[in-house]
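Trainee: Take a look at protein_19.cif, mmCIF, C-alpha atoms and all ligand atoms:
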```
data_query
#
loop_
_atom_site.label_atom_id
_atom_site.label_comp_id
_atom_site.auth_asym_id
_atom_site.auth_seq_id
_atom_site.Cartn_x
_atom_site.Cartn_y
_atom_site.Cartn_z
CA MET A 1 140.66 -104.77 -160.77
CA THR A 2 140.39 -107.34 -163.57
CA ALA A 3 143.52 -108.00 -165.56
CA ARG A 4 143.78 -107.55 -169.28
CA ILE A 5 144.71 -110.89 -170.80
CA ILE A 6 147.85 -110.99 -172.91
CA ASP A 7 146.95 -112.91 -176.04
CA GLY A 8 150.19 -114.74 -176.79
CA LYS A 9 148.71 -116.39 -179.85
CA ALA A 10 147.85 -113.01 -181.40
CA VAL A 11 151.26 -111.53 -180.54
CA ALA A 12 152.98 -114.60 -181.99
CA LYS A 13 150.91 -114.34 -185.17
CA LYS A 14 151.74 -110.66 -185.59
CA LEU A 15 155.46 -111.26 -185.05
CA ARG A 16 155.49 -114.24 -187.43
CA ALA A 17 153.88 -112.07 -190.14
CA GLU A 18 156.59 -109.45 -189.55
CA TYR A 19 159.32 -112.12 -189.76
CA HIS A 20 157.77 -113.46 -192.95
CA GLY A 21 158.10 -109.98 -194.45
CA ARG A 22 161.75 -109.74 -193.41
CA LEU A 23 162.37 -113.20 -194.80
CA GLU A 24 160.89 -112.24 -198.16
CA HIS A 25 163.24 -109.26 -198.23
CA LEU A 26 166.18 -111.56 -197.51
CA VAL A 27 165.20 -113.85 -200.35
CA ALA A 28 164.51 -111.02 -202.82
CA GLU A 29 167.53 -108.83 -201.99
CA HIS A 30 170.13 -111.42 -201.09
CA GLY A 31 168.88 -114.68 -202.61
CA LEU A 32 169.13 -116.17 -199.13
CA THR A 33 166.57 -118.53 -197.55
CA PRO A 34 167.15 -119.14 -193.81
CA GLY A 35 167.58 -122.81 -192.93
CA LEU A 36 167.03 -124.66 -189.66
CA ALA A 37 168.27 -128.20 -188.98
CA VAL A 38 166.60 -130.18 -186.20
CA ILE A 39 168.17 -133.37 -184.86
CA LEU A 40 165.82 -135.84 -183.20
CA VAL A 41 167.36 -138.86 -181.45
CA GLY A 42 164.95 -141.69 -180.65
CA SER A 43 161.18 -141.68 -180.88
CA ASN A 44 159.92 -140.04 -177.68
CA PRO A 45 156.35 -138.99 -178.67
CA ALA A 46 156.54 -135.60 -176.91
CA SER A 47 159.88 -134.79 -178.60
CA ARG A 48 158.48 -135.89 -181.95
CA LEU A 49 155.48 -133.60 -181.48
CA TYR A 50 157.73 -130.63 -180.59
CA VAL A 51 159.90 -131.28 -183.65
CA ASN A 52 156.82 -131.57 -185.90
CA ASN A 53 155.52 -128.25 -184.56
CA LYS A 54 158.86 -126.54 -185.19
CA VAL A 55 159.11 -127.91 -188.73
CA LYS A 56 155.53 -126.82 -189.47
CA ALA A 57 156.12 -123.32 -188.08
CA CYS A 58 159.25 -122.98 -190.24
CA ALA A 59 157.26 -123.85 -193.36
CA GLU A 60 154.62 -121.25 -192.47
CA VAL A 61 157.09 -118.34 -192.34
CA GLY A 62 159.23 -119.62 -195.22
CA ILE A 63 162.24 -121.01 -193.35
CA ARG A 64 163.70 -124.13 -194.96
CA SER A 65 163.95 -126.92 -192.43
CA GLU A 66 165.88 -130.14 -192.39
CA ARG A 67 164.88 -132.85 -189.98
CA ILE A 68 167.50 -135.44 -189.06
CA GLU A 69 166.25 -138.53 -187.25
CA MET A 70 168.63 -140.88 -185.50
CA PRO A 71 167.88 -144.15 -183.71
CA VAL A 72 167.76 -144.16 -179.90
CA ASP A 73 170.97 -146.26 -179.69
CA VAL A 74 172.98 -144.05 -182.08
CA ALA A 75 176.60 -143.57 -181.01
CA GLU A 76 177.44 -140.13 -179.63
CA ASP A 77 180.21 -139.76 -182.25
CA LEU A 78 177.65 -140.02 -185.03
CA VAL A 79 175.56 -137.24 -183.52
CA LEU A 80 178.70 -135.09 -183.20
CA ALA A 81 179.66 -135.87 -186.81
CA GLU A 82 176.21 -134.80 -187.98
CA ILE A 83 176.58 -131.52 -186.09
CA ASP A 84 180.00 -130.99 -187.73
CA ARG A 85 178.40 -131.48 -191.14
CA LEU A 86 175.64 -128.96 -190.34
CA ASN A 87 178.14 -126.46 -188.88
CA ALA A 88 179.96 -126.50 -192.22
CA ASP A 89 176.83 -126.23 -194.38
CA PRO A 90 176.29 -122.58 -195.44
CA THR A 91 172.59 -123.21 -196.17
CA VAL A 92 171.98 -124.06 -192.49
CA HIS A 93 171.69 -121.02 -190.21
CA GLY A 94 170.33 -122.70 -187.11
CA ILE A 95 170.97 -126.10 -185.50
CA LEU A 96 168.77 -127.50 -182.77
CA VAL A 97 169.13 -130.80 -180.96
CA GLN A 98 165.79 -131.80 -179.44
CA LEU A 99 166.19 -132.62 -175.73
CA PRO A 100 166.17 -134.88 -173.80
CA LEU A 101 168.82 -137.17 -175.26
CA PRO A 102 169.24 -140.85 -174.34
CA PRO A 103 171.42 -141.36 -171.23
CA HIS A 104 174.47 -142.69 -173.11
CA ILE A 105 174.86 -139.35 -174.89
CA GLU A 106 176.39 -136.48 -172.96
CA ILE A 107 174.16 -133.46 -173.52
CA ARG A 108 176.85 -130.86 -172.80
CA ARG A 109 179.26 -132.40 -175.34
CA VAL A 110 176.52 -132.30 -177.98
CA LEU A 111 175.42 -128.72 -177.22
CA GLU A 112 179.02 -127.47 -177.09
CA ARG A 113 179.66 -128.92 -180.57
CA ILE A 114 177.09 -126.64 -182.20
CA SER A 115 178.70 -123.58 -183.77
CA ILE A 116 177.98 -120.53 -181.58
CA THR A 117 176.81 -118.72 -184.72
CA LYS A 118 174.12 -121.37 -185.33
CA ASP A 119 173.07 -122.04 -181.73
CA VAL A 120 169.45 -120.87 -182.16
CA ASP A 121 168.28 -122.51 -178.91
CA GLY A 122 170.91 -120.46 -177.04
CA PHE A 123 172.03 -123.46 -174.97
CA HIS A 124 175.75 -123.41 -175.88
CA LEU A 125 177.87 -122.32 -172.91
CA TYR A 126 179.13 -119.34 -174.95
CA ASN A 127 175.60 -118.03 -175.36
CA VAL A 128 174.67 -118.85 -171.76
CA GLY A 129 177.75 -116.95 -170.54
CA SER A 130 177.32 -114.03 -172.89
CA LEU A 131 173.73 -113.63 -171.71
CA LEU A 132 175.26 -112.86 -168.31
CA ALA A 133 177.84 -110.53 -169.82
CA GLY A 134 175.22 -108.76 -171.96
CA SER A 135 176.40 -109.71 -175.44
CA THR A 136 174.50 -112.84 -176.37
CA ILE A 137 173.98 -113.81 -180.00
CA PHE A 138 170.96 -116.07 -179.39
CA PRO A 139 168.77 -115.53 -176.30
CA PRO A 140 167.04 -118.79 -175.31
CA CYS A 141 163.59 -118.97 -176.89
CA THR A 142 161.15 -119.15 -173.95
CA PRO A 143 162.73 -116.30 -171.93
CA TYR A 144 163.04 -114.30 -175.17
CA GLY A 145 159.32 -114.91 -175.74
CA VAL A 146 158.57 -113.54 -172.26
CA GLN A 147 160.66 -110.46 -173.01
CA LYS A 148 158.89 -109.90 -176.34
CA LEU A 149 155.45 -110.21 -174.72
CA LEU A 150 156.39 -107.57 -172.13
CA GLU A 151 157.83 -105.36 -174.89
CA HIS A 152 154.68 -105.79 -177.01
CA GLU A 153 152.46 -104.78 -174.06
CA ASN A 154 154.70 -101.75 -173.34
CA VAL A 155 155.40 -102.93 -169.82
CA GLN A 156 158.07 -100.75 -168.25
CA ILE A 157 160.96 -102.88 -167.00
CA ALA A 158 163.58 -100.40 -165.77
CA GLY A 159 163.32 -99.78 -162.03
CA ARG A 160 160.51 -102.30 -161.50
CA ASN A 161 160.64 -105.21 -159.07
CA VAL A 162 160.71 -108.50 -160.95
CA VAL A 163 160.28 -111.78 -159.11
CA VAL A 164 161.01 -114.98 -161.03
CA VAL A 165 159.68 -118.21 -159.50
CA GLY A 166 161.80 -121.05 -160.89
CA ALA A 167 165.56 -121.10 -161.35
CA SER A 168 166.14 -123.52 -164.23
CA ASN A 169 168.82 -122.99 -166.86
CA ILE A 170 166.29 -122.85 -169.69
CA VAL A 171 163.69 -120.50 -168.20
CA GLY A 172 164.13 -119.02 -164.70
CA LYS A 173 167.80 -118.00 -164.73
CA PRO A 174 167.92 -116.58 -168.28
CA VAL A 175 164.65 -114.64 -167.92
CA ALA A 176 166.04 -113.09 -164.72
CA MET A 177 169.28 -112.13 -166.52
CA MET A 178 167.43 -110.61 -169.46
CA LEU A 179 165.17 -108.46 -167.29
CA MET A 180 168.09 -107.45 -165.06
CA ALA A 181 169.91 -106.32 -168.22
CA GLN A 182 166.97 -103.95 -168.72
CA ASP A 183 167.51 -102.44 -165.25
CA ALA A 184 164.85 -104.30 -163.29
CA THR A 185 165.55 -105.30 -159.69
CA VAL A 186 165.28 -109.08 -159.83
CA ALA A 187 164.75 -111.80 -157.21
CA ILE A 188 164.87 -115.48 -158.18
CA CYS A 189 162.90 -117.97 -156.08
CA HIS A 190 163.01 -121.78 -156.22
CA LYS A 191 161.74 -124.81 -154.39
CA MET A 192 163.92 -124.14 -151.33
CA THR A 193 162.74 -120.53 -150.98
CA ARG A 194 161.24 -119.94 -147.54
CA ASP A 195 158.02 -117.90 -147.55
CA LEU A 196 157.54 -117.61 -151.32
CA ALA A 197 154.67 -115.12 -150.81
CA MET A 198 156.98 -112.65 -149.09
CA PHE A 199 158.88 -112.38 -152.39
CA THR A 200 156.00 -112.61 -154.84
CA LEU A 201 154.13 -109.82 -153.05
CA MET A 202 157.00 -107.46 -153.89
CA ALA A 203 156.68 -108.12 -157.61
CA ASP A 204 155.57 -105.47 -160.08
CA ILE A 205 156.25 -108.17 -162.66
CA LEU A 206 155.89 -111.80 -161.58
CA VAL A 207 157.26 -114.50 -163.89
CA VAL A 208 156.37 -118.03 -162.84
CA ALA A 209 158.13 -121.10 -164.27
CA ALA A 210 158.02 -123.83 -161.65
CA GLY A 211 155.84 -126.56 -163.17
CA VAL A 212 153.47 -126.65 -160.16
CA PRO A 213 149.73 -126.08 -160.79
CA ASN A 214 148.10 -123.43 -158.58
CA LEU A 215 151.42 -122.47 -157.00
CA ILE A 216 150.50 -118.78 -157.21
CA VAL A 217 147.19 -117.80 -155.60
CA PRO A 218 145.70 -114.29 -155.31
CA GLN A 219 146.99 -113.65 -151.76
CA MET A 220 150.53 -113.92 -153.16
CA VAL A 221 150.08 -111.24 -155.81
CA ARG A 222 150.30 -107.49 -155.43
CA THR A 223 147.31 -105.54 -156.79
CA GLY A 224 148.13 -104.33 -160.31
CA ALA A 225 151.05 -106.70 -160.89
CA VAL A 226 151.89 -108.05 -164.35
CA VAL A 227 151.79 -111.87 -164.17
CA ILE A 228 153.53 -114.06 -166.74
CA ASP A 229 152.78 -117.77 -166.36
CA VAL A 230 155.33 -119.95 -168.15
CA GLY A 231 154.19 -123.21 -166.54
CA ILE A 232 152.61 -125.99 -168.59
CA ASN A 233 151.00 -128.75 -166.53
CA ARG A 234 148.73 -131.50 -167.77
CA LEU A 235 146.17 -132.46 -165.10
CA THR A 236 144.80 -136.00 -164.69
CA ASP A 237 141.52 -134.89 -166.30
CA GLY A 238 143.47 -133.88 -169.42
CA ARG A 239 143.28 -130.12 -168.89
CA VAL A 240 146.43 -128.07 -169.46
CA VAL A 241 147.03 -125.35 -166.87
CA GLY A 242 149.86 -123.07 -165.83
CA ASP A 243 151.37 -122.46 -162.39
CA VAL A 244 149.04 -119.58 -161.56
CA ASP A 245 145.44 -119.76 -160.31
CA PHE A 246 144.33 -117.85 -163.41
CA GLU A 247 140.73 -117.08 -162.42
CA GLY A 248 141.69 -115.89 -158.93
CA VAL A 249 144.81 -113.93 -159.86
CA ARG A 250 143.27 -112.17 -162.85
CA LYS A 251 140.99 -110.29 -160.43
CA LYS A 252 144.08 -108.72 -158.85
CA ALA A 253 146.65 -108.35 -161.61
CA SER A 254 146.74 -105.64 -164.31
CA LEU A 255 148.00 -107.95 -167.07
CA ILE A 256 148.15 -111.75 -167.14
CA THR A 257 149.04 -114.51 -169.59
CA PRO A 258 146.69 -117.49 -169.96
CA VAL A 259 147.78 -121.14 -170.29
CA PRO A 260 147.48 -122.29 -172.98
CA GLY A 261 147.75 -119.32 -175.33
CA GLY A 262 150.21 -117.12 -173.43
CA VAL A 263 153.95 -117.78 -173.40
CA GLY A 264 153.65 -121.12 -175.23
CA PRO A 265 153.10 -119.76 -178.77
CA MET A 266 156.02 -117.36 -178.28
CA THR A 267 158.67 -120.05 -177.78
CA ILE A 268 158.63 -121.39 -181.34
CA THR A 269 158.17 -117.84 -182.64
CA MET A 270 161.48 -116.84 -181.07
CA LEU A 271 163.15 -119.93 -182.51
CA LEU A 272 162.01 -118.74 -185.94
CA TYR A 273 163.32 -115.28 -185.12
CA ASN A 274 166.72 -116.55 -183.95
CA THR A 275 167.03 -118.51 -187.21
CA LEU A 276 166.02 -115.49 -189.29
CA ARG A 277 168.51 -113.28 -187.40
CA SER A 278 171.25 -115.83 -187.90
CA ALA A 279 170.68 -115.70 -191.66
CA GLU A 280 170.38 -111.89 -191.67
CA ARG A 281 173.71 -111.59 -189.84
CA THR A 282 175.50 -113.55 -192.58
CA VAL A 283 174.70 -110.68 -194.96
CA GLY A 284 175.36 -107.93 -192.40
CA ILE A 285 171.76 -106.92 -191.55
CA GLY A 286 171.45 -105.49 -188.01
CA ASP A 287 168.48 -105.19 -185.64
CA PRO A 288 168.22 -102.23 -183.23
CA THR A 289 165.95 -104.12 -180.76
CA GLU A 290 168.90 -106.38 -179.96
CA ALA A 291 170.54 -103.44 -178.19
CA LEU A 292 168.19 -104.25 -175.29
CA LEU A 293 170.12 -107.46 -174.76
CA SER A 294 173.50 -105.82 -174.56
CA ALA A 295 172.57 -103.15 -172.03
P1 LIG B 301 162.49 -127.29 -164.10
O1 LIG B 301 161.85 -128.44 -163.43
O2 LIG B 301 163.82 -127.46 -164.76
O3 LIG B 301 162.67 -126.13 -163.01
C1 LIG B 301 161.63 -125.79 -162.14
C2 LIG B 301 162.11 -124.70 -161.20
O4 LIG B 301 161.00 -124.36 -160.36
C3 LIG B 301 163.25 -125.13 -160.27
O5 LIG B 301 164.16 -124.06 -160.13
C4 LIG B 301 162.55 -125.40 -158.94
O6 LIG B 301 163.40 -125.15 -157.82
C5 LIG B 301 161.39 -124.42 -158.99
N1 LIG B 301 160.25 -124.89 -158.19
C6 LIG B 301 159.67 -126.12 -158.21
N2 LIG B 301 158.69 -126.19 -157.30
C7 LIG B 301 158.65 -124.98 -156.69
C8 LIG B 301 157.88 -124.45 -155.63
N3 LIG B 301 156.95 -125.17 -155.01
N4 LIG B 301 158.10 -123.17 -155.25
C9 LIG B 301 159.05 -122.43 -155.87
N5 LIG B 301 159.83 -122.89 -156.87
C10 LIG B 301 159.63 -124.14 -157.26
O7 LIG B 301 161.42 -126.71 -165.09
P2 LIG B 301 161.56 -125.74 -166.39
O8 LIG B 301 162.11 -126.52 -167.50
O9 LIG B 301 162.17 -124.44 -165.99
O10 LIG B 301 160.01 -125.50 -166.68
C11 LIG B 301 159.16 -124.87 -165.75
C12 LIG B 301 157.74 -124.89 -166.26
O11 LIG B 301 157.68 -124.16 -167.47
C13 LIG B 301 157.21 -126.29 -166.60
O12 LIG B 301 155.84 -126.33 -166.33
C14 LIG B 301 157.45 -126.39 -168.10
O13 LIG B 301 156.54 -127.28 -168.73
C15 LIG B 301 157.19 -124.96 -168.52
N6 LIG B 301 157.85 -124.58 -169.76
C16 LIG B 301 157.10 -123.92 -170.67
C17 LIG B 301 157.67 -123.50 -171.85
C18 LIG B 301 156.83 -122.74 -172.82
O14 LIG B 301 157.14 -122.72 -173.99
N7 LIG B 301 155.75 -122.09 -172.38
C19 LIG B 301 159.01 -123.76 -172.13
C20 LIG B 301 159.78 -124.41 -171.17
C21 LIG B 301 159.19 -124.81 -169.97
#
```
Give the structure from this file in structure tokens form.
Ligand code: NAD
Mentor:
Amino acid sequence: MTARIIDGKAVAKKLRAEYHGRLEHLVAEHGLTPGLAVILVGSNPASRLYVNNKVKACAEVGIRSERIEMPVDVAEDLVLAEIDRLNADPTVHGILVQLPLPPHIEIRRVLERISITKDVDGFHLYNVGSLLAGSTIFPPCTPYGVQKLLEHENVQIAGRNVVVVGASNIVGKPVAMMLMAQDATVAICHKMTRDLAMFTLMADILVVAAGVPNLIVPQMVRTGAVVIDVGINRLTDGRVVGDVDFEGVRKKASLITPVPGGVGPMTITMLLYNTLRSAERTVGIGDPTEALLSA
């Protein structure tokens, strides 16, 4: 068996075109342009690159973006005051604070200050908790991207065995919750899991988000499994690879995501979507696909 490759770039492009259409409707019918505010503290080059990519993606679909840069030694109170200003601004529908923050700023205090109706990253405790309870407003972007890829490929979730490798708050745990909400049987593995292969071999759908190149080799994958590789690792020779031995595993899986070009392009796409949805909600527009999240 040779797996079909899930082209995350193509799926992201298709979804962004769809969101652009919805955005045009919002502008034409309601005179409303969605707005995203991004706060960047300090000048970490990776964070700057991520922020640039987000701002650029917003411009491409027609979302207005506001970029707020603060010096690395900014007082926490000033960051909180900026969030208060953005919370009160009706032209801002999404607020994102680029992580990491300098050590003198308490991340939780900053994230908890963002209005839950503008928390497009889904990191506020309200949204984290309501993901568990099945009523989240903003699913976190990377797990949401994984869900959308599976949905786009018509992968059946209900009743399937899902194994998630990685238990972080931003990827592993939420992706497990989201797929469990769709009636999958889910196991979460992490770095203390004994005999990882025993679990991964049970997976009809294997989601890997550990940050370890070549962690998943063909002997650990069930024939015909769907393999979603969230990992992004830069090797010393400059190559970017995921956590899965792509060439080996693709001979055994039925569907597989490449790195780069798999989950990566979906993360910003879902940020755009969360911002669009936030704006749509202010004028009472619903979305039936969100019922999946409140199952
Ligand atoms: P993290 O370091 O916060 O968490 C890693 C998780 O993997 C932990 O639960 C850890 O216990 C587990 N783990 C580590 N080594 C393991 C091993 N040998 N066996 C089993 N489990 C192991 O990382 P994160 O923020 O969740 O990110 C994970 C990966 O996903 C990274 O490569 C990151 O760059 C990537 N990522 C990609 C996107 C995207 O847009 N595609 C977004 C976020 C993160």
Trainee: Given 6 Å on each side, where is the centre and what are the edge lengths in Å to one decimal of the axis-aligned box enclosing the listed atoms of region 93-110 of chain A, as AutoDock Vina command-line options?
Mentor:
```
--center_x 172.5 --center_y -131.9 --center_z -180.7 --size_x 25.5 --size_y 33.7 --size_z 31.0
```
Trainee: So which residues touch Ile63 (chain A) within 7 Å, counting all atoms listed in the file, skipping near sequence neighbours fewer than 5 positions away, as an MDAnalysis selection string?
Mentor: chainID A and resid 33:35 58
Trainee: Neighbours of ligand LIG 301 (chain B) at 7 Å or closer, counting all atoms listed in the file: which residues, as a ChimeraX atom specification?
Mentor: /A:142,165-172,189-193,196,209-212,215,230-233,242,263-267
Trainee: Given the choices A:Pro218, A:Pro139, A:Gly224, A:Gly145, which gets closest to Ile268 (chain A) if the distance is worked out from all atoms listed in the file?
Mentor: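 Residue with the minimum atom-to-atom distance to Ile268 (chain A): A:Gly145.
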Trainee: So which one's closest to Ile68 (chain A), A:Ala279, A:Ala37, A:Ile95, A:Val163? Using only C-alpha atoms, please.
Mentor: A:Ala37
Trainee: Select from region 167-216 of chain A every residue with an atom at most 10 Å from any atom of region 116-131 of chain A, then for each give the shortest pair of atoms and their distance in Å to one decimal, using only C-alpha atoms, rows by chain and rising number, as a Markdown table.
Mentor:
```
| residue | atom | partner | partner_atom | distance |
| --- | --- | --- | --- | --- |
| A:Asn169 | CA | A:Val128 | CA | 8.7 |
| A:Ile170 | CA | A:Phe123 | CA | 7.8 |
| A:Lys173 | CA | A:Val128 | CA | 9.9 |
| A:Pro174 | CA | A:Leu131 | CA | 7.4 |
| A:Val175 | CA | A:Leu131 | CA | 9.9 |
| A:Met177 | CA | A:Leu131 | CA | 7.0 |
| A:Met178 | CA | A:Leu131 | CA | 7.3 |
| A:Ala181 | CA | A:Leu131 | CA | 9.0 |
```
Trainee: Choose the residue, out of A:Ile107, A:Val27, A:Leu96, A:Leu86, that has the smallest atom-to-atom separation from Pro140 (chain A); count all atoms listed in the file.
Mentor: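 Smallest separation from Pro140 (chain A) among the options: A:Leu96.
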Trainee: For a cutoff of 10 Å around the file-coordinate point (165.4, -132.0, -194.1), which residues qualify once you count only C-alpha atoms? I'd like the result as a PyMOL selection string.
Mentor: chain A and resi 35-39+55+64-69
